[in-house]
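Structure data follow from input11.txt (compact mmCIF, C-alpha atoms):
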```txt
# COMPACT_ATOMS: atom_id res chain seq x y z
CA MET A 1 34.82 -6.74 12.48
CA THR A 2 31.43 -5.85 10.97
CA HIS A 3 31.59 -4.44 7.46
CA TYR A 4 30.00 -1.01 7.13
CA SER A 5 29.09 0.25 3.67
CA ARG A 6 28.87 3.91 4.72
CA TYR A 7 29.91 6.06 7.65
CA ALA A 8 28.45 9.25 9.10
CA VAL A 9 29.19 11.68 11.92
CA TYR A 10 26.15 12.45 14.01
CA TYR A 11 25.02 13.86 17.32
CA ALA A 12 23.48 11.16 19.50
CA PRO A 13 22.24 11.65 23.07
CA GLU A 14 24.21 10.34 26.00
CA PRO A 15 22.72 7.28 27.78
CA GLY A 16 19.71 8.19 29.90
CA PRO A 17 15.92 8.59 29.77
CA PHE A 18 15.96 10.83 26.67
CA ALA A 19 18.12 8.38 24.71
CA GLU A 20 16.04 5.43 25.89
CA PHE A 21 12.73 6.97 24.88
CA THR A 22 13.88 8.19 21.46
CA ALA A 23 15.49 4.85 20.63
CA GLY A 24 12.28 3.08 21.59
CA TRP A 25 10.19 5.59 19.65
CA LEU A 26 12.11 4.75 16.47
CA GLY A 27 12.37 1.06 17.37
CA TRP A 28 16.14 0.88 16.83
CA ASP A 29 18.86 1.40 19.43
CA ALA A 30 21.93 2.39 17.41
CA ALA A 31 24.20 2.24 20.47
CA ALA A 32 23.20 -1.31 21.38
CA GLY A 33 22.54 -2.47 17.82
CA ALA A 34 19.14 -3.76 18.91
CA VAL A 35 15.54 -3.65 17.70
CA LEU A 36 13.25 -2.26 20.42
CA ASP A 37 9.55 -2.37 21.17
CA HIS A 38 7.82 0.94 20.56
CA PRO A 39 6.41 2.85 23.56
CA GLN A 40 2.68 3.25 24.07
CA VAL A 41 1.76 6.88 23.32
CA PRO A 42 -1.97 7.63 23.60
CA GLY A 43 -3.64 9.71 20.91
CA LEU A 44 -1.45 8.90 17.92
CA PRO A 45 -3.23 8.85 14.54
CA LEU A 46 -1.22 5.83 13.33
CA PRO A 47 0.84 3.03 14.94
CA VAL A 48 4.31 4.19 15.99
CA ALA A 49 5.87 1.62 13.64
CA GLU A 50 4.24 3.34 10.65
CA ILE A 51 5.04 6.86 11.83
CA THR A 52 8.73 6.06 12.33
CA ALA A 53 9.39 3.63 9.46
CA THR A 54 11.53 6.03 7.39
CA PRO A 55 13.96 7.32 10.06
CA ARG A 56 14.19 4.03 11.97
CA LYS A 57 17.28 2.56 10.30
CA TYR A 58 19.40 5.63 11.05
CA GLY A 59 18.78 5.59 14.79
CA PHE A 60 17.92 8.76 16.69
CA HIS A 61 20.48 11.37 15.66
CA GLY A 62 21.29 14.81 14.36
CA THR A 63 23.42 14.90 11.23
CA LEU A 64 26.78 16.68 11.25
CA LYS A 65 28.51 14.94 8.32
CA PRO A 66 26.01 13.00 6.20
CA PRO A 67 26.54 9.32 5.29
CA PHE A 68 29.42 8.71 2.89
CA ARG A 69 31.34 5.83 1.38
CA LEU A 70 34.90 5.60 2.67
CA THR A 71 37.88 6.08 0.36
CA GLY A 72 40.57 4.81 2.74
CA SER A 73 40.67 2.97 6.04
CA ARG A 74 38.36 3.23 9.02
CA ALA A 75 41.45 3.56 11.23
CA ALA A 76 42.51 6.71 9.36
CA LEU A 77 39.00 8.17 9.69
CA GLU A 78 38.98 7.42 13.41
CA ALA A 79 42.40 9.03 13.87
CA ASP A 80 41.22 12.20 12.15
CA LEU A 81 38.03 12.24 14.22
CA THR A 82 40.08 12.01 17.40
CA ALA A 83 42.26 14.91 16.27
CA LEU A 84 39.27 16.98 15.13
CA ALA A 85 37.36 16.54 18.40
CA ALA A 86 40.39 17.82 20.32
CA THR A 87 40.13 21.13 18.43
CA LEU A 88 36.37 21.73 18.84
CA ALA A 89 34.66 23.26 21.86
CA PRO A 90 31.18 22.07 22.90
CA ALA A 91 28.18 24.19 21.92
CA GLU A 92 25.26 24.93 24.25
CA MET A 93 21.71 26.04 23.48
CA PRO A 94 18.71 26.52 25.80
CA GLY A 95 16.94 23.34 24.74
CA LEU A 96 15.18 21.43 21.99
CA ALA A 97 11.72 22.21 20.58
CA LEU A 98 9.31 19.76 18.98
CA THR A 99 8.84 21.20 15.48
CA ARG A 100 6.99 20.40 12.27
CA LEU A 101 9.46 20.73 9.40
CA GLY A 102 7.37 20.56 6.26
CA SER A 103 5.80 17.11 6.36
CA PHE A 104 7.77 15.53 9.23
CA LEU A 105 8.40 16.13 12.91
CA ALA A 106 11.77 16.76 14.50
CA LEU A 107 13.42 18.28 17.53
CA THR A 108 15.24 21.51 16.66
CA PRO A 109 17.60 23.58 18.83
CA GLU A 110 16.38 26.75 20.52
CA GLY A 111 18.43 29.93 20.67
CA ASP A 112 21.72 30.78 18.98
CA THR A 113 22.99 27.87 16.87
CA THR A 114 26.19 29.56 15.68
CA GLY A 115 28.45 27.26 17.69
CA LEU A 116 26.61 24.17 16.51
CA ALA A 117 26.81 25.27 12.87
CA ARG A 118 30.54 25.87 13.29
CA ILE A 119 31.03 22.32 14.60
CA ALA A 120 29.10 20.89 11.67
CA ALA A 121 30.97 22.93 9.06
CA GLN A 122 34.38 22.06 10.48
CA THR A 123 33.41 18.38 10.65
CA VAL A 124 32.34 18.38 6.99
CA ARG A 125 35.56 20.12 5.91
CA ALA A 126 38.03 18.21 8.05
CA LEU A 127 36.82 14.74 7.12
CA ASP A 128 35.91 15.29 3.49
CA HIS A 129 39.07 13.68 2.12
CA HIS A 130 37.71 10.37 3.52
CA ARG A 131 34.54 10.65 1.38
CA ALA A 132 34.20 8.88 -1.93
CA PRO A 133 32.38 11.08 -4.49
CA PRO A 134 28.70 10.32 -5.11
CA GLY A 135 27.74 8.33 -8.17
CA GLU A 136 25.49 9.60 -10.93
CA ASP A 137 22.46 7.79 -9.49
CA GLU A 138 22.90 9.52 -6.14
CA LEU A 139 23.37 12.92 -7.78
CA ALA A 140 20.21 12.42 -9.82
CA ARG A 141 18.26 11.40 -6.72
CA ARG A 142 19.40 14.47 -4.79
CA ARG A 143 18.52 16.77 -7.67
CA LYS A 144 14.89 15.63 -7.61
CA ALA A 145 14.48 17.95 -4.61
CA ASN A 146 14.76 21.04 -6.87
CA LEU A 147 17.99 22.25 -5.33
CA SER A 148 18.92 25.91 -5.18
CA PRO A 149 22.16 27.00 -6.88
CA ALA A 150 23.91 27.02 -3.49
CA GLN A 151 22.63 23.52 -2.70
CA GLU A 152 23.79 22.26 -6.10
CA GLU A 153 27.21 23.72 -5.37
CA ASN A 154 27.25 21.97 -2.00
CA LEU A 155 26.27 18.70 -3.64
CA LEU A 156 29.17 18.89 -6.07
CA ARG A 157 31.71 20.15 -3.52
CA TRP A 158 30.72 18.24 -0.38
CA GLY A 159 28.52 15.40 -1.66
CA TYR A 160 25.35 16.65 0.06
CA PRO A 161 23.13 19.71 -0.55
CA TYR A 162 22.28 20.68 3.02
CA VAL A 163 25.63 21.65 4.52
CA MET A 164 27.45 24.93 5.28
CA ASP A 165 24.99 27.84 4.89
CA ASP A 166 22.16 25.39 4.10
CA PHE A 167 22.77 23.33 7.26
CA ARG A 168 19.76 23.08 9.58
CA PHE A 169 20.34 20.82 12.56
CA HIS A 170 17.38 18.60 13.49
CA LEU A 171 16.65 15.30 15.20
CA THR A 172 14.14 13.45 13.03
CA LEU A 173 11.21 11.75 14.76
CA THR A 174 8.86 10.75 11.93
CA GLY A 175 8.59 10.07 8.25
CA ARG A 176 6.45 12.23 5.99
CA LEU A 177 2.92 12.71 7.28
CA PRO A 178 -0.12 14.59 5.99
CA ARG A 179 -0.57 17.83 7.89
CA ALA A 180 -3.47 16.63 10.04
CA GLN A 181 -1.61 13.46 11.05
CA ALA A 182 1.57 15.42 11.75
CA GLU A 183 -0.29 17.81 14.02
CA ALA A 184 -2.08 14.97 15.81
CA THR A 185 1.25 13.18 16.31
CA MET A 186 2.82 16.34 17.68
CA ALA A 187 -0.04 16.84 20.13
CA ALA A 188 0.26 13.24 21.38
CA LEU A 189 4.07 13.18 21.52
CA ALA A 190 4.74 16.59 23.09
CA PRO A 191 3.64 15.83 26.67
CA VAL A 192 5.68 12.62 26.69
CA LEU A 193 8.84 13.80 24.96
CA GLU A 194 9.28 17.40 26.05
CA PRO A 195 9.91 16.62 29.75
CA LEU A 196 12.71 14.24 28.70
CA ALA A 197 14.44 16.57 26.25
CA PRO A 198 17.66 18.06 27.64
CA ARG A 199 17.66 21.61 28.97
CA PRO A 200 20.13 23.01 28.22
CA PHE A 201 21.00 21.10 25.06
CA ARG A 202 24.75 20.57 24.66
CA MET A 203 26.69 19.30 21.68
CA GLU A 204 29.58 17.64 23.50
CA ALA A 205 30.76 14.85 21.19
CA LEU A 206 31.07 13.70 17.61
CA CYS A 207 29.56 10.25 17.15
CA LEU A 208 30.82 7.94 14.42
CA PHE A 209 28.05 5.78 12.92
CA GLY A 210 28.36 2.93 10.44
CA GLU A 211 25.73 1.41 8.12
CA ASP A 212 25.58 -2.39 8.26
CA GLU A 213 24.66 -4.79 5.46
CA ALA A 214 20.98 -4.58 6.41
CA GLY A 215 21.02 -0.78 6.06
CA ARG A 216 20.86 -0.04 9.80
CA PHE A 217 23.20 2.46 11.39
CA HIS A 218 25.23 1.68 14.52
CA LEU A 219 26.89 4.08 16.94
CA LEU A 220 30.54 3.00 16.83
CA HIS A 221 32.32 5.55 19.02
CA ARG A 222 31.95 8.92 20.75
CA TYR A 223 34.66 11.54 20.45
CA ALA A 224 34.40 14.14 23.23
CA LEU A 225 34.84 17.77 22.16
CA THR A 226 37.73 19.06 24.24
CA GLY A 227 38.96 22.10 22.31
```

Spell out the structure here as structure tokens.
Amino acid sequence: MTHYSRYAVYYAPEPGPFAEFTAGWLGWDAAAGAVLDHPQVPGLPLPVAEITATPRKYGFHGTLKPPFRLTGSRAALEADLTALAATLAPAEMPGLALTRLGSFLALTPEGDTTGLARIAAQTVRALDHHRAPPGEDELARRRKANLSPAQEENLLRWGYPYVMDDFRFHLTLTGRLPRAQAEATMAALAPVLEPLAPRPFRMEALCLFGEDEAGRFHLLHRYALTG
């Protein structure tokens, strides 16, 4: 069995045209564990490989429980994920919008995200006993972002600043870009990506990901939400 240094619980799209395009856009198929050729998208200000270099290793995803080092066994984590998914109902929103979030682009959910936030919060809580606490180096790195008092509290309690009330679900598409390049990328990407994005958008499964020795994340298993 492959050794994974960290695990995470993400949303990842079901197989289909949307999953195929977004995996190719990043150049990494987390489900297949394969490097992919980038698609040709006219009008981009930079090569796709440069635009997507930062998010590539994670695969296309939306974070529910951020990456963590495991304290016990993978089997125990998987058993708790199975049990958790059986208690959670799917969440549905009208769709996904291509959005500029500060200096990067992402897809963000439209409409009421209460159900999605509830899934994320319960996932963080229910699985937290599997998470090893962050080291001092990681804490110092997180604090460089000038955390608010609530984010600092989250960091100490849950190992990550942007959970619970500070959770904002997004599907990252680019690394940091200057504003003009971000806007040019959005203009080029929108007509290609938006017809593929699911409408409605449904959160129907928890996806367990693992980080391999090269730092790339793999989709290990889907746990359908059946609560």

With 7 Å as the cut-off and only C-alpha atoms counted, what is the closest atom pair between each nearby residue of stretch 63-120 of chain A and stretch 200-218 of chain A? Distances in Å to one decimal, ordered by chain and number, as JSON lines.
```
{"residue": "A:Ala85", "atom": "CA", "partner": "A:Leu206", "partner_atom": "CA", "distance": 6.9}
{"residue": "A:Pro90", "atom": "CA", "partner": "A:Glu204", "partner_atom": "CA", "distance": 4.7}
{"residue": "A:Ala91", "atom": "CA", "partner": "A:Met203", "partner_atom": "CA", "distance": 5.1}
{"residue": "A:Glu92", "atom": "CA", "partner": "A:Arg202", "partner_atom": "CA", "distance": 4.4}
{"residue": "A:Met93", "atom": "CA", "partner": "A:Phe201", "partner_atom": "CA", "distance": 5.2}
{"residue": "A:Pro94", "atom": "CA", "partner": "A:Pro200", "partner_atom": "CA", "distance": 4.5}
{"residue": "A:Gly95", "atom": "CA", "partner": "A:Phe201", "partner_atom": "CA", "distance": 4.6}
{"residue": "A:Leu96", "atom": "CA", "partner": "A:Phe201", "partner_atom": "CA", "distance": 6.6}
```

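Near stretch 147-153 of chain A, within 12 Å and counting all atoms listed in the file, sit A:Leu139, A:Ala140, A:Arg141, A:Arg142, A:Trp158, A:Gly159, A:Tyr160, A:Pro161, A:Tyr162, A:Val163, A:Met164, A:Asp165, A:Asp166, A:Phe167, not including residues fewer than 5 positions from it in the same chain.
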
- A:Pro17 environment, 10 Å, all atoms listed in the file, sequence neighbours closer than 4 positions dropped, as a list in words: Pro13, Phe21, Thr22, Ala23, Leu196, Ala197 and Pro198 of chain A

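Among the candidates A:Thr123, A:Ser103, A:Thr185, A:Thr63, the residue lying nearest to A:Ala86 is A:Thr123 (atoms considered: only C-alpha atoms).
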
- Note on the structure: The residue from A:Asn146, A:Gln122, A:Thr87, A:Thr172 with the smallest atom-to-atom distance to A:Leu105, counting all atoms listed in the file, is A:Thr172

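One finds atom CA of A:Ala106 at 5.0 Å from atom CA of A:Leu173.
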
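The coordinates place atom CA of A:Tyr11 at 4.9 Å from atom CA of A:Gly62.
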
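Counting from atom CA of A:Pro109, the distance to atom CA of A:Thr174 is 17.0 Å.
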
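Compared by their closest atoms to A:Gly43, and using all atoms listed in the file, the residues A:Thr82, A:Gln181, A:Thr226, A:Asn154 rank with A:Gln181 nearest.
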
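Once all atoms listed in the file are considered, the residues situated within 10 Å of the file point (40.4, 7.3, 4.7) turn out to be Arg69, Leu70, Thr71, Gly72, Ser73, Arg74, Ala75, Ala76, Leu77, Glu78, Ala79, Asp80, Leu127, Asp128, His129, His130, Arg131 and Ala132 of chain A.
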
Convert the current residue selection to file output with C-alpha atoms, as a PDB file, in the frame of the given file.
```
ATOM      1  CA  ARG A  69      31.340   5.830   1.380  1.00  0.00           C
ATOM      2  CA  LEU A  70      34.900   5.600   2.670  1.00  0.00           C
ATOM      3  CA  THR A  71      37.880   6.080   0.360  1.00  0.00           C
ATOM      4  CA  GLY A  72      40.570   4.810   2.740  1.00  0.00           C
ATOM      5  CA  SER A  73      40.670   2.970   6.040  1.00  0.00           C
ATOM      6  CA  ARG A  74      38.360   3.230   9.020  1.00  0.00           C
ATOM      7  CA  ALA A  75      41.450   3.560  11.230  1.00  0.00           C
ATOM      8  CA  ALA A  76      42.510   6.710   9.360  1.00  0.00           C
ATOM      9  CA  LEU A  77      39.000   8.170   9.690  1.00  0.00           C
ATOM     10  CA  GLU A  78      38.980   7.420  13.410  1.00  0.00           C
ATOM     11  CA  ALA A  79      42.400   9.030  13.870  1.00  0.00           C
ATOM     12  CA  ASP A  80      41.220  12.200  12.150  1.00  0.00           C
ATOM     13  CA  LEU A 127      36.820  14.740   7.120  1.00  0.00           C
ATOM     14  CA  ASP A 128      35.910  15.290   3.490  1.00  0.00           C
ATOM     15  CA  HIS A 129      39.070  13.680   2.120  1.00  0.00           C
ATOM     16  CA  HIS A 130      37.710  10.370   3.520  1.00  0.00           C
ATOM     17  CA  ARG A 131      34.540  10.650   1.380  1.00  0.00           C
ATOM     18  CA  ALA A 132      34.200   8.880  -1.930  1.00  0.00           C
TER      19      ALA A 132
END
```

- Message: as an MDAnalysis selection string, please: the residues near A:Arg56 (cut-off 8 Å, all atoms listed in the file, same-chain neighbours under 6 positions excluded).
- Response: chainID A and resid 26:28

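Taking only C-alpha atoms into account, A:Glu50 lies nearest to A:Arg176 out of the set A:Arg176, A:Asp137, A:Leu84, A:His221.
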
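Of the listed residues (A:Ala12, A:Ala89, A:Ala34, A:Leu46), A:Leu46 comes nearest to A:Ala180; the distances count all atoms listed in the file.
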
Size and centre in Å, one decimal, axis-aligned box, all listed stretch 121-136 of chain A atoms plus 6 Å per side, as JSON:
```
{"center_x": 32.3, "center_y": 15.6, "center_z": -0.1, "size_x": 25.6, "size_y": 26.6, "size_z": 33.6}
```

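Ranking A:Arg199, A:His38, A:His3, A:Arg222 by their shortest atom-to-atom distance to A:Glu110, with all atoms listed in the file included, puts A:Arg199 first.
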